[in-house]
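This report concerns only the one structure given below.
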Amino acid sequence: MGDVIRIGDRELRVEGDPDPAEATTLPPPVKGVARPILLSADRLHLLKGTKVSHYEVGDVVAKGHSGLVFKASDFKNDRTVAFKVLWPEFSRNEDEMMRFIRAMKTMLPLRHPNLVALYGAGKTGPYCWIAMEFIEGESLTR
């Protein structure tokens, strides 16, 4: 926990709670929403309205193989992001965590007009997440 991986001007910070008693909670919620405990995959959508790192989690916009994608507000950088929260079971597997860190180290510095920009990634409480460019418009699955 607390490791920072820097590539160019990008960084990946592994966040965690220093107090084991707080390891199953998120930072204080935004707008008075109750603080969620570790949610199962089928209840992950209940993160809406909470704060994870410096993001306020909004509506679910997609469901993927590895997690849910929310529309979120990055209140540190004043922008809207696509905020993917990986299924909670993911962070319990050390091999998956190492694969996640390797992938983020590779992908964070990439910039190209045809790629979605990755802004950051990390682990806050029990949740691994990826913040990326939010693209509005028609479905990209065509």
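Identifiers for the structure tokens are assigned positionally: chains receive A, B, ... in sequence, residues are indexed from 1 per chain, and ligands are indexed from 1 in the order shown.
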
Neighbour list for Ala41 (chain A) as a PDB file with N, CA and C atoms, in the first residue's frame, cut-off 9 Å, only C-alpha atoms, skip fewer than 4 positions in-chain:
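Output file selection.pdb is given in full below:
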```
ATOM      1  N   HIS A  45     -23.277  -1.495  -7.987  1.00  0.00           N
ATOM      2  CA  HIS A  45     -23.956  -0.288  -8.471  1.00  0.00           C
ATOM      3  C   HIS A  45     -24.331   0.655  -7.325  1.00  0.00           C
ATOM      4  N   GLY A  67     -15.871  -5.481 -14.447  1.00  0.00           N
ATOM      5  CA  GLY A  67     -16.413  -4.530 -13.483  1.00  0.00           C
ATOM      6  C   GLY A  67     -17.481  -3.638 -14.075  1.00  0.00           C
ATOM      7  N   LEU A  68     -17.846  -2.608 -13.303  1.00  0.00           N
ATOM      8  CA  LEU A  68     -18.849  -1.635 -13.730  1.00  0.00           C
ATOM      9  C   LEU A  68     -18.159  -0.323 -14.077  1.00  0.00           C
ATOM     10  N   LEU A  86     -13.474  -2.311 -10.590  1.00  0.00           N
ATOM     11  CA  LEU A  86     -13.359  -3.746 -10.855  1.00  0.00           C
ATOM     12  C   LEU A  86     -14.137  -4.544  -9.808  1.00  0.00           C
ATOM     13  N   TRP A  87     -14.564  -5.717 -10.199  1.00  0.00           N
ATOM     14  CA  TRP A  87     -15.315  -6.565  -9.263  1.00  0.00           C
ATOM     15  C   TRP A  87     -14.494  -6.748  -7.988  1.00  0.00           C
ATOM     16  N   PRO A  88     -15.124  -6.700  -6.819  1.00  0.00           N
ATOM     17  CA  PRO A  88     -14.402  -6.789  -5.537  1.00  0.00           C
ATOM     18  C   PRO A  88     -13.524  -8.030  -5.397  1.00  0.00           C
ATOM     19  N   GLU A  89     -13.923  -9.136  -5.989  1.00  0.00           N
ATOM     20  CA  GLU A  89     -13.141 -10.363  -5.895  1.00  0.00           C
ATOM     21  C   GLU A  89     -11.760 -10.189  -6.524  1.00  0.00           C
TER      22      GLU A  89
END
```

Problem - 9 Å contact set for region 91-93 of chain A, only C-alpha atoms, chain neighbours under 4 positions out, as a PyMOL selection string - result: chain A and resi 86-87+97-98+123+126-128

Exercise for the section: Report as a ChimeraX atom specification: the residues of region 34-139 of chain A with a DSSP assignment of strand (DSSP E or B), based on the backbone of this structure. Expected result: /A:37,51-52,55-63,67-74,79-86,118-124,127-133

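Using only C-alpha atoms for every distance, the candidate list A:Val57, A:Val81, A:Ala121, A:Val69 yields A:Ala121 as the residue closest to Arg102 (chain A).
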
Exercise for the section: Could you tell me, as a count of residues only, which residues of region 48-105 of chain A DSSP assigns to alpha helix (DSSP H) when given the backbone? Expected result: 12

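Candidate residues A:Lys51, A:Ile101, A:Leu115, A:Lys71 were compared for distance to Phe134 (chain A), and the nearest is A:Lys71, using only C-alpha atoms.
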
Show me, as a tab-separated table (two decimals) with N, CA and C atoms, in the first residue's frame, the residues that have an atom within 12 Å of Asn77 (chain A) when counting only C-alpha atoms, minus same-chain residues fewer than 2 positions from it.
```
chain	number	residue	atom	x	y	z
A	54	HIS	N	-10.50	10.70	-5.28
A	54	HIS	CA	-10.98	12.07	-5.52
A	54	HIS	C	-12.04	12.11	-6.62
A	55	TYR	N	-12.88	11.07	-6.63
A	55	TYR	CA	-13.96	10.96	-7.61
A	55	TYR	C	-15.30	10.81	-6.89
A	56	GLU	N	-16.30	11.52	-7.38
A	56	GLU	CA	-17.66	11.32	-6.91
A	56	GLU	C	-18.33	10.41	-7.93
A	72	ALA	N	-18.43	9.69	-13.51
A	72	ALA	CA	-17.99	10.24	-12.23
A	72	ALA	C	-17.42	11.63	-12.42
A	73	SER	N	-17.36	12.37	-11.32
A	73	SER	CA	-16.75	13.70	-11.32
A	73	SER	C	-15.40	13.62	-10.62
A	74	ASP	N	-14.39	14.07	-11.32
A	74	ASP	CA	-13.05	14.18	-10.76
A	74	ASP	C	-12.97	15.58	-10.16
A	75	PHE	N	-13.18	15.70	-8.84
A	75	PHE	CA	-13.25	17.02	-8.24
A	75	PHE	C	-11.86	17.61	-8.00
A	79	ARG	N	-13.23	17.60	-13.92
A	79	ARG	CA	-13.62	17.01	-15.20
A	79	ARG	C	-14.50	15.79	-14.96
A	80	THR	N	-15.25	15.43	-15.97
A	80	THR	CA	-16.07	14.23	-15.94
A	80	THR	C	-15.23	13.08	-16.47
A	81	VAL	N	-15.32	11.94	-15.81
A	81	VAL	CA	-14.54	10.77	-16.22
A	81	VAL	C	-15.42	9.54	-16.29
A	119	TYR	N	-6.54	8.42	-17.07
A	119	TYR	CA	-6.11	9.51	-16.20
A	119	TYR	C	-5.46	9.00	-14.92
A	120	GLY	N	-5.85	7.83	-14.47
A	120	GLY	CA	-5.30	7.31	-13.23
A	120	GLY	C	-5.90	5.96	-12.90
A	131	ALA	N	-9.65	5.45	-13.83
A	131	ALA	CA	-10.33	6.66	-14.29
A	131	ALA	C	-9.84	6.95	-15.71
```

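In this structure, CA of Arg99 (chain A) sits 29.8 Å away from CA of Asp78 (chain A).
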
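Between Ala82 (chain A) and the residues A:Glu96, A:Asp42, A:Glu133, A:Asp59, the shortest atom-to-atom distance, using only C-alpha atoms, involves A:Glu133.
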
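Put simply, CA of Leu39 (chain A) is 20.1 Å away from CA of Phe100 (chain A).
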
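For the set A:Lys48, A:Arg13, A:Gly58, A:Ile135, the residue with the smallest atom-to-atom gap to Asn114 (chain A) is A:Ile135, counting only C-alpha atoms.
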